[in-house]
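J.: Right, I'll just put the structure down here and ask away after.
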Amino acid sequence: MKKIKRVFTYIFLSIASLVSIFPFLWMLISMTNKSVDVTAGRLLPGGHLIENINKLIEQTQIGIALWNSFIIAIITTILTLLIGSLAGYGFEIYRSKGKDMIFSILILSMMIPFAAIMIPLYRLFGRISADAPFIGLDTLAAAFLPTIITAFFIFFFRQNTKMFARELVEAGRIDGLSEWGIFFRIYMPTMKTTYAAASIIAFMNSWNNYLWPLVVLQSPEKQTIPLLISNLGAGYTPDYGVIMTAIVVATLPTALVFFLMQRYFVAGMMGSVKG
């Protein structure tokens with residue numbers, strides 16, 4: 001009976017794995033075929049990979065879009081980790097009723113959809129453009145500034161900080177470290193798995209962000225990779241082979257970041273749950 005149950009378990013898991021991985025396999029196969037083959041549902045690799053890559057390079061500004069996405073994602077990730085960890089550390093280590101109330105308000109702000117604040121944000125950056133055009137509309141700074149910190153990351157770091165030993169803070173103070181020294185020289189190295197998990201989430205969120213860059217970035221040379229893919233699919237006769245090639249190129253950086261830091265990601269997420 002146990003063997004039969006195990007066989008059915010493996011069959012179910014195999015089917016679930018196949019269903020999960022099939023879209024990625026189809027995407028890889030489609031980038032080697034012509035557009036007509038993709039629309040026909042061809043599931044066999046073709047010989048048009050180089051042709052699709054050449055078309056992507058010739059017909060689009062794929063290099064500029066990748067560079068813009070990298071700049072936005074890297075800056076967003078660094079600032080998110082710094083600000084989010086500072087806030088989470090402060091809320092947990094220096095607790096008070098007032099801070100707990102502010103934290104509750106921050107958590108409630110997670111209920112507000114981004115679409116609800118998008119128009120006020122756009123008007124804000126429109127006014128900023130007159131006095132500080134380097135961070136106004138149609139700049140990369142405008143694309144990442146509203147996303148460098150969210151209530152989620154403050155919550156994430158605060159929950160993980162619950163696992164941080166308070167004795168280390170007291171030991172640092174006894175040794176003469178300032179509060180900044182305790183944070184940078186004790187807290188950050190100790191919480192490296194939390195930083196790794198947060199960096200993956202922040203990088204992926206920024207890399208895949210579509211709505212806000214679509215609104216605020218208006219020049220073709222400022223577009224990010226999601227906007228480029230959207231423009232490829234908006235044509236009268238879209239070339240699906242080229243589109244699939246662009247999607248694969250856009251997927252590789254996030255997949256690489258995740259697989260390189262997968263072990264730390266799992267450890268960091270488990271730490272937040274235990275907190």
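Naming scheme: A, B, ... for chains in displayed order of the structure tokens; residues 1 onward per chain; ligands 1 onward as shown.
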Near A:Pro213, counting only C-alpha atoms, which residues have an atom at most 12 Å away, once you skip same-chain residues fewer than 4 positions from it, shown as a PyMOL selection string?
T.: chain A and resi 65+68-69+72+118+122+137-147+206-209+217-220+222-228+230
J.: Grab the residues selected above and save them as a CSV table (one decimal), in the first residue's frame with C-alpha atoms.
T.:
```csv
chain,number,residue,atom,x,y,z
A,65,ALA,CA,16.8,48.8,-22.6
A,68,ASN,CA,18.4,51.1,-18.2
A,69,SER,CA,16.8,48.1,-16.5
A,72,ILE,CA,17.2,51.0,-12.2
A,118,MET,CA,-0.1,56.6,-9.5
A,122,TYR,CA,2.8,61.6,-11.7
A,137,LEU,CA,9.6,63.0,-15.6
A,138,ASP,CA,11.4,61.0,-18.3
A,139,THR,CA,14.4,60.2,-16.1
A,140,LEU,CA,15.6,56.9,-14.7
A,141,ALA,CA,15.6,58.5,-11.2
A,142,ALA,CA,11.8,59.1,-11.5
A,143,ALA,CA,11.4,55.4,-12.4
A,144,PHE,CA,13.1,54.1,-9.2
A,145,LEU,CA,12.5,56.7,-6.5
A,146,PRO,CA,8.9,55.8,-5.7
A,147,THR,CA,9.9,52.1,-5.4
A,206,SER,CA,12.4,46.3,-10.0
A,207,TRP,CA,13.5,44.4,-13.1
A,208,ASN,CA,9.9,43.3,-13.9
A,209,ASN,CA,8.2,46.6,-13.0
A,217,LEU,CA,9.4,57.2,-19.1
A,218,GLN,CA,8.4,58.7,-22.3
A,219,SER,CA,11.6,58.7,-24.5
A,220,PRO,CA,12.5,55.6,-26.5
A,222,LYS,CA,14.8,55.6,-21.6
A,223,GLN,CA,12.6,52.5,-22.0
A,224,THR,CA,13.3,49.4,-19.9
A,225,ILE,CA,13.2,45.8,-21.0
A,226,PRO,CA,9.5,45.2,-20.0
A,227,LEU,CA,8.5,48.3,-22.1
A,228,LEU,CA,10.5,47.0,-25.0
A,230,SER,CA,5.4,45.4,-24.7
```
J.: Taking only stretch 50-268 of chain A into account, list the residues labelled helix (DSSP H, G or I) by DSSP (computed from the backbone), as a VMD selection string.
T.: chain A and resid 50 to 59 62 to 93 97 to 109 114 to 131 133 to 135 140 to 147 151 to 161 166 to 174 179 to 190 192 to 207 211 to 216 220 to 222 225 to 233 240 to 260 262 to 268
J.: Excluding A:Ile182 and any residue of its chain fewer than 3 positions from it, enumerate the residues within 12 Å of it, using only C-alpha atoms, and give them as a PyMOL selection string.
T.: chain A and resi 86+89-90+93+166-179+185-190
J.: Quick one, how far is atom CA of A:Ile149 from atom CA of A:Thr251?
T.: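 Between atom CA of A:Ile149 and atom CA of A:Thr251 the gap works out to 23.5 Å.
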J.: So, with only C-alpha atoms as the atoms that count, which of A:Ile112, A:Ala246, A:Leu106, A:Val19 lies closest to A:Gln61?
T.: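 Result for the nearest residue to A:Gln61: A:Ala246.
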J.: Nearest to A:Pro238: which of A:Arg158, A:Leu124, A:Ala196, A:Ser35 is it, counting only C-alpha atoms?
T.: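 Checking each of A:Arg158, A:Leu124, A:Ala196, A:Ser35 against A:Pro238, counting only C-alpha atoms, the winner is A:Ser35.
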J.: I'd like the contact shell of A:Arg123 - 12 Å cut-off, only C-alpha atoms, skipping same-chain residues fewer than 6 positions apart - returned as a list of chain:residue names.
T.: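 The residues that qualify are A:Ile117, A:Ser129, A:Ala130, A:Gly136, A:Leu137, A:Ala142, A:Val215, A:Val216.
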J.: Can I get the selection written as a short mmCIF file (atom, residue, chain, number, x, y, z; two decimals), in the first residue's frame, with C-alpha atoms?
T.:
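After the write, part_31.cif holds the following:
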```cif
data_model
loop_
_atom_site.label_atom_id
_atom_site.label_comp_id
_atom_site.auth_asym_id
_atom_site.auth_seq_id
_atom_site.Cartn_x
_atom_site.Cartn_y
_atom_site.Cartn_z
CA ILE A 117 -1.46 56.66 -5.97
CA SER A 129 10.54 68.49 -13.28
CA ALA A 130 10.41 72.29 -13.30
CA GLY A 136 11.65 64.66 -12.92
CA LEU A 137 9.57 62.99 -15.60
CA ALA A 142 11.81 59.06 -11.48
CA VAL A 215 3.81 56.16 -17.19
CA VAL A 216 6.94 58.12 -16.32
#
```
J.: Which of these residues is nearest to A:Val257, using only C-alpha atoms: A:Ile53, A:Ala73, A:Leu211, A:Val7?
T.: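 The closest residue to A:Val257 is A:Ala73.
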J.: For each of A:Asn205, A:Asn160, A:Ser199, A:Asn231, take the minimum atom-to-atom distance to A:Tyr264, counting only C-alpha atoms, then give the residue where this is smallest.
T.: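 Of all the options, A:Ser199 lies closest to A:Tyr264.
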J.: Kindly indicate which residue among A:Leu214, A:Ala40, A:Ala202, A:Ile15 lies nearest to A:Thr254, using only C-alpha atoms for the distances.
T.: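 With only C-alpha atoms as the atom set, the closest residue is A:Ala202.
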J.: Please provide as a list in words all residues within 12 Å of A:Glu51, with the sequence filter that same-chain residues fewer than 3 positions apart are discarded (counting only C-alpha atoms).
T.: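 Those residues are Met31, Thr32, Asn33, Lys34, Ser35, Gly46, Gly47, His48, Asn54, Lys55, Leu56, Ile57, Glu58, Gln59, Asp239, Gly241, Val242 and Thr245 of chain A.
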J.: Using only C-alpha atoms, pick whichever of A:Phe134, A:Phe184, A:Phe91, A:Tyr210 has the shortest atom-to-atom distance to A:Gln159.
T.: A:Phe91
